[in-house]
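Structure first, commentary second.
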Amino acid sequence: MGLGDKEIYRPLIGVASSWNEATPCNISLDRPAKVAKKAINEAGGTPREFVTISVSDGIGMGHEGMKASLVSREVIADSVELMVRAHCYDGLVALAGCDKSLPGMLMAIARLNIPSVFLYGGTIKPGHHNGKDITVMDVYEAVGSHAAGKISDQELHDIECGACPGAGSCGGQFTANTMACVSEALGMALPGSNSAPAVDESRDIWATRCGHAVMDLLDKNIKPRDIMTFKAFENAAAIVAATGGSTNAFLHLPAIAAECGVTFTIRDIDRISRRTPIVADLKPGGRFVAEDVHKAGGIAVILKSLLDGGLLHGDVMTCTGKTMAENLKDIVVDPSNEVIRPVAKAVRNTGGLAVMYGNLAPDGCVIKTAGVKVLSHRGPAKVFNCEDDAFDAISNLKIVKGDVVVIRYEGPRGGPGMREMLAPTAALVGQGLGYDCAMVTDGRFSGATRGLMIGHVSPEAQLGGPIGLVQDGDIISLDAEAGTINLEVSDEVLAERRKHWKPIEARYGGGALYKYAQLVGPASEGALTSPGGKVPIEPEKMRIR
C-alpha cells in the first residue's frame, strides 16, 4: 500500500469522487482528486482515494435508464458512508460532477459528520450553433422542432454535435450547477471554488485549497452539522430561487437537511423563493450559461448580491472556519453586469420556483417559474400511465393547444425511480406548445426543463393520489402565482372512481429498483429511503486507533 508507520498514524482523509467514463460530467474528476491528495499529504494527512458510481441523466433520459438516476443518489450516499465508516477515516474531501452525485455526496457528508469539504467538478463550456451558445437543452428542444418539421435532419445533427464540446456538467442552471451553487451557499464548498469550467486549470488551485481546508477543519474540529444548519438551508434555497435553479432542489434540499437532523420542507423552499428575486439571468429561463457566472466573478458574487439585499444569513459558519459574511466581505457586485445583478436591478422580483396545492396535489407539486411567460392554465386532460406513451403522443403531434398532458405512475415508488421528463417537455417546447399546453406529473423534471411543467405531484398515483383518478377530458386548472392546482371534478365523482381504482403492478420484481420502491418515501419529503440523521454516529465512536 506504500504506507509506513508515519503515514498510518497520521489522520486518514478520504478523497471520494464520482469519476467515471460514462459522461462528460465526471470524466475530469480524476485530476482534482489527485491534486487534493497531494495537498492533504503536504498538510500532514494521509489521503485515501476511492470512487463511487454516477448515472448520466443525459444518457438515461427518455427511456428506462432514467429510473436509475434518483436511485443513484441513495447509492452514492450509502457507498461513501460505508467506505468512510468501515475504514474510520478522520475527514473527507468529496468531489462530484453531475446531478445526483452532488446531493449524494452532501448527504454522505451530513451522515458522517466528520470534517469535510465539497468540490464540484465544474461546468461544461458552452457549445455553439449559428453564432449562439447552446447547451444540451437545445438538443432536446431541437428533437421536438424536428418532429414538427421546423428544422432539417442536418440542422438537428449539427446541434447535436455542437452542444457538448468537452468535459463538465450540463452548461445551464440545470441540476448540477444548481447544486454547485447550493454547496457554496450551505458553506460546504470553499467560496469561489465551484464556478470555473471543468477544463479550467484554476481548478487545480481549488483542489489544493480543499486539501488544506479539510486538515484545517480537522484541527479546529468543525463538522458539517456545525455548518449545515436551518439558516444555511435557507441560504441554499435563496440561491436556488435567485438563479432560477432546478426543481430537483425540492428533492435534494429536504433530503440533505434530513441527514443533518434538520427539518427543511418544500414549504420552506416555496417561502424563500417567493421573497427572493432572480438576480442571475441564466438558462434555461434566462440568457446566459454557467461559464458566464464564472466570468462575472463566480457564485460568491450571487451570494454577495443576496447578502447586500438582506436576503442571506451572513452569520452562518462555513468550511473556511469563517462566517459567510466574512467570506464575502471583499466581493463586489458590479451594477452594470447583466449576468449577476444587484437586488435593486433584479431580473424578476420573486424567485424561480413555486409550490402549488389543491385537490389534485394535496401534499403539493412544484414548478420552475423562471423565464415562464404564462403561469396559469385551464384545459382538458390527456392522460398517460408512463412517460414513453406521452412522448409518443407528442412526437406524433397528438397534443394540441390547450391540453394538459398528465403523466402518472412515474413517482418515486410507481416508476420506480421518479424519471425526469425532459424528453417530452422539450418536445412540447420544440413544437411551440410550451406555453399553450401544460404538463402535470408525479414524476420530475430536468433542471433544463422550461415551460408550464408541473412535477412531483404528491401523493403519487401508485400511493392512491388523486392524479391516479384523472380521466381524459377532465378539466384541470392551475395557477403558479396563487399556488393552486385543481381537478374540476366533484368529490362524489372522485369517490366513485376511487372504488374502482387499484395501483399498477410493480414494474420490477427484484434488484435495486425493487428495493428502492419498497423503501422510498414521498417526493414531498425528499424521496428518502431512511429516516435521516436525527441521531448520528459520532466520529469518536468510529475510531479504531
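Please note that chains go A, B, ... in the order of the C-alpha cells, that every chain numbers its residues from 1, and that ligands are numbered from 1 in the order shown.
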
Which polymer residues have any atom within 9 Å of an atom of Gln471 (chain A), counting only C-alpha atoms, with same-chain residues fewer than 5 positions away left out, as a list in words?
->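 Contacts, with the query itself left out: Ala381, Lys382 and Val383 of chain A.
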
Report the distance between CA of Arg267 (chain A) and CA of Leu422 (chain A) in Å, rounded to one decimal place.
-> 24.7 Å

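Among A:Asp436, A:Asn235, A:Phe118, A:Lys223, the residue with the shortest atom-to-atom distance to Trp206 (chain A), counting only C-alpha atoms, is A:Phe118.
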
What are the closest atom pairs, with distances in Å to one decimal, for all residues of region 212-244 of chain A lying within 12 Å of region 42-45 of chain A? Consider only C-alpha atoms, order rows by chain and residue number, and present the result as a Markdown table.
| residue | atom | partner | partner_atom | distance |
| --- | --- | --- | --- | --- |
| A:His212 | CA | A:Ala43 | CA | 5.9 |
| A:Ala213 | CA | A:Ala43 | CA | 9.2 |
| A:Val214 | CA | A:Ala43 | CA | 9.3 |
| A:Met215 | CA | A:Ala43 | CA | 6.6 |
| A:Asp216 | CA | A:Ala43 | CA | 8.7 |
| A:Leu217 | CA | A:Ala43 | CA | 11.7 |
| A:Leu218 | CA | A:Gly45 | CA | 10.0 |
| A:Asp219 | CA | A:Gly44 | CA | 10.8 |

Find the spatial neighbours of region 403-415 of chain A, counting only C-alpha atoms, within a cut-off of 6 Å - ignore same-chain residues fewer than 6 positions away - and output them as a ChimeraX atom specification.
-> /A:379-386,437-443,460-462,517

How about saving the chosen residues, C-alpha atoms kept, as a PDB file, in the first residue's frame?
ATOM      1  CA  GLY A 379     -57.677  22.803 -20.080  1.00  0.00           C
ATOM      2  CA  PRO A 380     -58.688  19.186 -20.715  1.00  0.00           C
ATOM      3  CA  ALA A 381     -56.504  16.322 -19.549  1.00  0.00           C
ATOM      4  CA  LYS A 382     -54.837  13.822 -21.838  1.00  0.00           C
ATOM      5  CA  VAL A 383     -53.749  11.018 -19.539  1.00  0.00           C
ATOM      6  CA  PHE A 384     -50.798   8.644 -19.897  1.00  0.00           C
ATOM      7  CA  ASN A 385     -49.637   5.968 -17.456  1.00  0.00           C
ATOM      8  CA  CYS A 386     -45.967   6.325 -18.375  1.00  0.00           C
ATOM      9  CA  CYS A 437     -50.172  23.403 -23.038  1.00  0.00           C
ATOM     10  CA  ALA A 438     -49.329  22.292 -19.530  1.00  0.00           C
ATOM     11  CA  MET A 439     -47.808  19.061 -18.269  1.00  0.00           C
ATOM     12  CA  VAL A 440     -48.616  17.580 -14.869  1.00  0.00           C
ATOM     13  CA  THR A 441     -46.789  14.533 -13.499  1.00  0.00           C
ATOM     14  CA  ASP A 442     -45.895  12.666 -10.326  1.00  0.00           C
ATOM     15  CA  GLY A 443     -42.500  12.239 -11.951  1.00  0.00           C
ATOM     16  CA  GLU A 460     -48.175   9.952  -6.339  1.00  0.00           C
ATOM     17  CA  ALA A 461     -50.579   7.760  -8.284  1.00  0.00           C
ATOM     18  CA  GLN A 462     -49.086   4.497  -7.023  1.00  0.00           C
ATOM     19  CA  ALA A 517     -39.641   1.024  -4.357  1.00  0.00           C
TER      20      ALA A 517
END

DSSP strand (DSSP E) selection over region 306-527 of chain A, as a ChimeraX atom specification = /A:353-358,361-368,376-384,404-407,438-441,453-458,475-479,484-487

CA of Lys373 (chain A) to CA of Gly451 (chain A): how many Å, to one decimal?
-> 7.9 Å

Which polymer residues have any atom within 12 Å of an atom of Thr247 (chain A), counting only C-alpha atoms, with same-chain residues fewer than 5 positions away left out, as a VMD selection string?
-> chain A and resid 99 173 to 176 178 to 179 237 240 to 241 252 to 253 266 269 to 270 273 351 to 355 365 to 370 420 to 421 443 to 450 453 to 456 523 to 524 526

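Using only C-alpha atoms, the shortest contact distance between Ser530 (chain A) and any of A:Val333, A:Met107, A:Ala236, A:Leu513 is found at A:Met107.
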
Closest of A:Leu106, A:Ala68, A:Met137, A:Ala94 to Ala257 (chain A), counting only C-alpha atoms, is A:Leu106

Just the residues within 7 Å of Ala426 (chain A), please, counting only C-alpha atoms, with nothing from its chain fewer than 5 positions along; format it as a ChimeraX atom specification.
-> /A:140-141,144,449

Hey, can you spit out that residue selection with N, CA, C and O atoms as a PDB file, in the first residue's frame?
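File selection_34.pdb, as written:
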ATOM      1  N   TYR A 140     -32.516  18.651 -26.997  1.00  0.00           N
ATOM      2  CA  TYR A 140     -33.834  18.055 -26.762  1.00  0.00           C
ATOM      3  C   TYR A 140     -34.943  18.871 -27.407  1.00  0.00           C
ATOM      4  O   TYR A 140     -35.905  18.326 -27.959  1.00  0.00           O
ATOM      5  N   GLU A 141     -34.824  20.188 -27.350  1.00  0.00           N
ATOM      6  CA  GLU A 141     -35.842  21.018 -27.975  1.00  0.00           C
ATOM      7  C   GLU A 141     -35.761  20.910 -29.499  1.00  0.00           C
ATOM      8  O   GLU A 141     -36.788  20.985 -30.193  1.00  0.00           O
ATOM      9  N   GLY A 144     -37.875  18.108 -30.747  1.00  0.00           N
ATOM     10  CA  GLY A 144     -39.276  18.496 -30.913  1.00  0.00           C
ATOM     11  C   GLY A 144     -39.490  19.336 -32.158  1.00  0.00           C
ATOM     12  O   GLY A 144     -40.472  19.141 -32.893  1.00  0.00           O
ATOM     13  N   THR A 449     -35.592  21.851 -17.987  1.00  0.00           N
ATOM     14  CA  THR A 449     -36.980  21.995 -18.409  1.00  0.00           C
ATOM     15  C   THR A 449     -37.426  23.448 -18.325  1.00  0.00           C
ATOM     16  O   THR A 449     -37.096  24.166 -17.386  1.00  0.00           O
TER      17      THR A 449
END

Skip Val136 (chain A) itself and residues of its chain fewer than 5 positions away, then list as a PyMOL selection string all residues within 7 Å of it, counting only C-alpha atoms.
-> chain A and resi 163-164+170

Spatial neighbours of Leu528 (chain A), max dist 10 Å, only C-alpha atoms, sep filter under 3 positions, as an MDAnalysis selection string = chainID A and resid 71 73:74 251:252 254:256 258:259 412 516 519:525 531:532

With N, CA, C and O atoms retained, write the just-selected residues as a PDB file, in the first residue's frame.
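Contents of the output file out24.pdb:
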ATOM      1  N   VAL A  71     -32.382   6.924  -7.886  1.00  0.00           N
ATOM      2  CA  VAL A  71     -31.916   5.814  -7.053  1.00  0.00           C
ATOM      3  C   VAL A  71     -30.412   5.940  -6.796  1.00  0.00           C
ATOM      4  O   VAL A  71     -29.909   5.655  -5.704  1.00  0.00           O
ATOM      5  N   ARG A  73     -28.655   8.493  -6.302  1.00  0.00           N
ATOM      6  CA  ARG A  73     -28.343   9.428  -5.210  1.00  0.00           C
ATOM      7  C   ARG A  73     -28.185   8.685  -3.894  1.00  0.00           C
ATOM      8  O   ARG A  73     -27.247   8.940  -3.126  1.00  0.00           O
ATOM      9  N   GLU A  74     -29.083   7.754  -3.629  1.00  0.00           N
ATOM     10  CA  GLU A  74     -29.025   6.984  -2.385  1.00  0.00           C
ATOM     11  C   GLU A  74     -27.830   6.030  -2.387  1.00  0.00           C
ATOM     12  O   GLU A  74     -27.178   5.842  -1.352  1.00  0.00           O
ATOM     13  N   LEU A 251     -36.306  18.099  -4.046  1.00  0.00           N
ATOM     14  CA  LEU A 251     -35.970  16.765  -3.533  1.00  0.00           C
ATOM     15  C   LEU A 251     -34.697  16.804  -2.700  1.00  0.00           C
ATOM     16  O   LEU A 251     -34.624  16.212  -1.619  1.00  0.00           O
ATOM     17  N   HIS A 252     -33.690  17.505  -3.188  1.00  0.00           N
ATOM     18  CA  HIS A 252     -32.356  17.387  -2.601  1.00  0.00           C
ATOM     19  C   HIS A 252     -32.176  18.200  -1.320  1.00  0.00           C
ATOM     20  O   HIS A 252     -31.527  17.716  -0.386  1.00  0.00           O
ATOM     21  N   PRO A 254     -34.483  19.065   1.094  1.00  0.00           N
ATOM     22  CA  PRO A 254     -35.060  18.347   2.245  1.00  0.00           C
ATOM     23  C   PRO A 254     -34.301  17.072   2.589  1.00  0.00           C
ATOM     24  O   PRO A 254     -34.190  16.711   3.768  1.00  0.00           O
ATOM     25  N   ALA A 255     -33.758  16.381   1.577  1.00  0.00           N
ATOM     26  CA  ALA A 255     -33.037  15.123   1.832  1.00  0.00           C
ATOM     27  C   ALA A 255     -31.725  15.383   2.565  1.00  0.00           C
ATOM     28  O   ALA A 255     -31.392  14.695   3.541  1.00  0.00           O
ATOM     29  N   ILE A 256     -30.943  16.355   2.085  1.00  0.00           N
ATOM     30  CA  ILE A 256     -29.677  16.682   2.757  1.00  0.00           C
ATOM     31  C   ILE A 256     -29.951  17.168   4.176  1.00  0.00           C
ATOM     32  O   ILE A 256     -29.263  16.781   5.131  1.00  0.00           O
ATOM     33  N   ALA A 258     -32.489  16.457   6.090  1.00  0.00           N
ATOM     34  CA  ALA A 258     -32.906  15.337   6.936  1.00  0.00           C
ATOM     35  C   ALA A 258     -31.704  14.549   7.439  1.00  0.00           C
ATOM     36  O   ALA A 258     -31.677  14.095   8.593  1.00  0.00           O
ATOM     37  N   GLU A 259     -30.690  14.398   6.589  1.00  0.00           N
ATOM     38  CA  GLU A 259     -29.485  13.682   7.009  1.00  0.00           C
ATOM     39  C   GLU A 259     -28.724  14.455   8.089  1.00  0.00           C
ATOM     40  O   GLU A 259     -27.950  13.869   8.847  1.00  0.00           O
ATOM     41  N   PRO A 412     -41.669   8.283  -7.230  1.00  0.00           N
ATOM     42  CA  PRO A 412     -40.567   7.511  -6.651  1.00  0.00           C
ATOM     43  C   PRO A 412     -40.887   6.024  -6.528  1.00  0.00           C
ATOM     44  O   PRO A 412     -40.041   5.177  -6.837  1.00  0.00           O
ATOM     45  N   TYR A 516     -35.617  -0.178  -3.915  1.00  0.00           N
ATOM     46  CA  TYR A 516     -35.889   1.249  -3.775  1.00  0.00           C
ATOM     47  C   TYR A 516     -37.381   1.501  -3.606  1.00  0.00           C
ATOM     48  O   TYR A 516     -37.805   2.284  -2.742  1.00  0.00           O
ATOM     49  N   LEU A 519     -38.672   1.015  -0.134  1.00  0.00           N
ATOM     50  CA  LEU A 519     -38.137   1.878   0.926  1.00  0.00           C
ATOM     51  C   LEU A 519     -38.452   3.356   0.761  1.00  0.00           C
ATOM     52  O   LEU A 519     -38.513   4.090   1.745  1.00  0.00           O
ATOM     53  N   VAL A 520     -38.624   3.809  -0.473  1.00  0.00           N
ATOM     54  CA  VAL A 520     -38.627   5.244  -0.725  1.00  0.00           C
ATOM     55  C   VAL A 520     -39.870   5.934  -0.157  1.00  0.00           C
ATOM     56  O   VAL A 520     -40.974   5.410  -0.204  1.00  0.00           O
ATOM     57  N   GLY A 521     -39.636   7.122   0.377  1.00  0.00           N
ATOM     58  CA  GLY A 521     -40.711   7.951   0.894  1.00  0.00           C
ATOM     59  C   GLY A 521     -41.231   8.897  -0.172  1.00  0.00           C
ATOM     60  O   GLY A 521     -40.764   8.913  -1.317  1.00  0.00           O
ATOM     61  N   PRO A 522     -42.192   9.752   0.167  1.00  0.00           N
ATOM     62  CA  PRO A 522     -42.822  10.628  -0.816  1.00  0.00           C
ATOM     63  C   PRO A 522     -41.889  11.716  -1.328  1.00  0.00           C
ATOM     64  O   PRO A 522     -40.990  12.178  -0.620  1.00  0.00           O
ATOM     65  N   ALA A 523     -42.137  12.146  -2.553  1.00  0.00           N
ATOM     66  CA  ALA A 523     -41.350  13.224  -3.142  1.00  0.00           C
ATOM     67  C   ALA A 523     -41.474  14.505  -2.336  1.00  0.00           C
ATOM     68  O   ALA A 523     -40.525  15.289  -2.244  1.00  0.00           O
ATOM     69  N   SER A 524     -42.619  14.732  -1.731  1.00  0.00           N
ATOM     70  CA  SER A 524     -42.840  15.953  -0.958  1.00  0.00           C
ATOM     71  C   SER A 524     -41.953  16.027   0.274  1.00  0.00           C
ATOM     72  O   SER A 524     -41.820  17.090   0.889  1.00  0.00           O
ATOM     73  N   GLU A 525     -41.318  14.901   0.637  1.00  0.00           N
ATOM     74  CA  GLU A 525     -40.408  14.877   1.778  1.00  0.00           C
ATOM     75  C   GLU A 525     -38.975  14.542   1.368  1.00  0.00           C
ATOM     76  O   GLU A 525     -38.156  14.160   2.207  1.00  0.00           O
ATOM     77  N   PRO A 531     -34.860   7.211   7.643  1.00  0.00           N
ATOM     78  CA  PRO A 531     -35.454   8.296   8.441  1.00  0.00           C
ATOM     79  C   PRO A 531     -34.596   9.550   8.531  1.00  0.00           C
ATOM     80  O   PRO A 531     -35.038  10.556   9.067  1.00  0.00           O
ATOM     81  N   GLY A 532     -33.358   9.490   8.016  1.00  0.00           N
ATOM     82  CA  GLY A 532     -32.491  10.656   8.143  1.00  0.00           C
ATOM     83  C   GLY A 532     -31.564  10.522   9.328  1.00  0.00           C
ATOM     84  O   GLY A 532     -31.326   9.432   9.837  1.00  0.00           O
TER      85      GLY A 532
END

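Among A:Cys260, A:Pro416, A:Gln154, A:Gln431, the residue with the shortest atom-to-atom distance to Arg507 (chain A), counting only C-alpha atoms, is A:Pro416.
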
One-decimal distance in Å that lies between CA of Leu360 (chain A) and CA of Ile467 (chain A) | 5.9 Å

Determine the nearest neighbour of Asp315 (chain A) from the options A:Gly211, A:Pro126, A:Gly187, A:Gly62, counting only C-alpha atoms.
->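 Ranking A:Gly211, A:Pro126, A:Gly187, A:Gly62 by distance to Asp315 (chain A), first place goes to A:Gly187.
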
When DSSP works through the backbone of this structure, what residues of region 134-165 of chain A end up as alpha helix (DSSP H), shown as a VMD selection string?
-> chain A and resid 136 to 147 153 to 162

Let me see the file: selected residues, N, CA, C and O atoms, as a short mmCIF file (atom, residue, chain, number, x, y, z; two decimals), in the first residue's frame.
data_model
loop_
_atom_site.label_atom_id
_atom_site.label_comp_id
_atom_site.auth_asym_id
_atom_site.auth_seq_id
_atom_site.Cartn_x
_atom_site.Cartn_y
_atom_site.Cartn_z
N VAL A 136 -27.16 21.26 -23.77
CA VAL A 136 -27.87 20.01 -24.07
C VAL A 136 -29.38 20.23 -24.18
O VAL A 136 -30.08 19.53 -24.92
N MET A 137 -29.91 21.24 -23.47
CA MET A 137 -31.33 21.56 -23.57
C MET A 137 -31.73 21.83 -25.01
O MET A 137 -32.81 21.43 -25.47
N ASP A 138 -30.86 22.53 -25.75
CA ASP A 138 -31.17 22.87 -27.13
C ASP A 138 -31.29 21.63 -28.01
O ASP A 138 -32.04 21.62 -28.98
N VAL A 139 -30.56 20.58 -27.65
CA VAL A 139 -30.65 19.33 -28.41
C VAL A 139 -32.05 18.72 -28.25
O VAL A 139 -32.69 18.34 -29.23
N TYR A 140 -32.52 18.65 -27.00
CA TYR A 140 -33.83 18.05 -26.76
C TYR A 140 -34.94 18.87 -27.41
O TYR A 140 -35.91 18.33 -27.96
N GLU A 141 -34.82 20.19 -27.35
CA GLU A 141 -35.84 21.02 -27.98
C GLU A 141 -35.76 20.91 -29.50
O GLU A 141 -36.79 20.98 -30.19
N ALA A 142 -34.55 20.71 -30.02
CA ALA A 142 -34.40 20.52 -31.46
C ALA A 142 -35.09 19.24 -31.92
O ALA A 142 -35.61 19.18 -33.05
N VAL A 143 -35.11 18.22 -31.06
CA VAL A 143 -35.83 16.98 -31.39
C VAL A 143 -37.31 17.28 -31.63
O VAL A 143 -37.92 16.80 -32.58
N GLY A 144 -37.88 18.11 -30.75
CA GLY A 144 -39.28 18.50 -30.91
C GLY A 144 -39.49 19.34 -32.16
O GLY A 144 -40.47 19.14 -32.89
N SER A 145 -38.57 20.26 -32.43
CA SER A 145 -38.67 21.09 -33.63
C SER A 145 -38.58 20.23 -34.89
O SER A 145 -39.28 20.46 -35.89
N HIS A 146 -37.71 19.22 -34.84
CA HIS A 146 -37.55 18.32 -35.98
C HIS A 146 -38.82 17.51 -36.22
O HIS A 146 -39.27 17.34 -37.36
N ALA A 147 -39.43 17.04 -35.12
CA ALA A 147 -40.66 16.26 -35.25
C ALA A 147 -41.78 17.10 -35.85
O ALA A 147 -42.64 16.59 -36.58
N ASP A 153 -32.97 17.43 -40.97
CA ASP A 153 -32.12 16.40 -40.38
C ASP A 153 -30.72 16.94 -40.12
O ASP A 153 -30.12 16.68 -39.08
N GLN A 154 -30.19 17.69 -41.07
CA GLN A 154 -28.83 18.18 -40.96
C GLN A 154 -28.69 19.18 -39.81
O GLN A 154 -27.70 19.14 -39.06
N GLU A 155 -29.69 20.06 -39.64
CA GLU A 155 -29.58 21.04 -38.55
C GLU A 155 -29.68 20.34 -37.19
O GLU A 155 -28.95 20.68 -36.26
N LEU A 156 -30.55 19.35 -37.09
CA LEU A 156 -30.62 18.57 -35.84
C LEU A 156 -29.27 17.92 -35.55
O LEU A 156 -28.78 17.96 -34.41
N HIS A 157 -28.65 17.35 -36.56
CA HIS A 157 -27.35 16.71 -36.38
C HIS A 157 -26.29 17.73 -35.98
O HIS A 157 -25.45 17.47 -35.10
N ASP A 158 -26.32 18.91 -36.58
CA ASP A 158 -25.34 19.95 -36.25
C ASP A 158 -25.50 20.41 -34.81
O ASP A 158 -24.50 20.65 -34.11
N ILE A 159 -26.73 20.56 -34.35
CA ILE A 159 -26.97 20.97 -32.96
C ILE A 159 -26.49 19.88 -32.01
O ILE A 159 -25.83 20.16 -31.00
N GLU A 160 -26.81 18.64 -32.34
CA GLU A 160 -26.38 17.51 -31.52
C GLU A 160 -24.86 17.47 -31.39
O GLU A 160 -24.32 17.28 -30.28
N CYS A 161 -24.17 17.67 -32.49
CA CYS A 161 -22.70 17.57 -32.48
C CYS A 161 -22.03 18.78 -31.84
O CYS A 161 -20.88 18.69 -31.41
N GLY A 162 -22.74 19.90 -31.76
CA GLY A 162 -22.12 21.11 -31.24
C GLY A 162 -22.42 21.44 -29.80
O GLY A 162 -21.81 22.35 -29.23
#
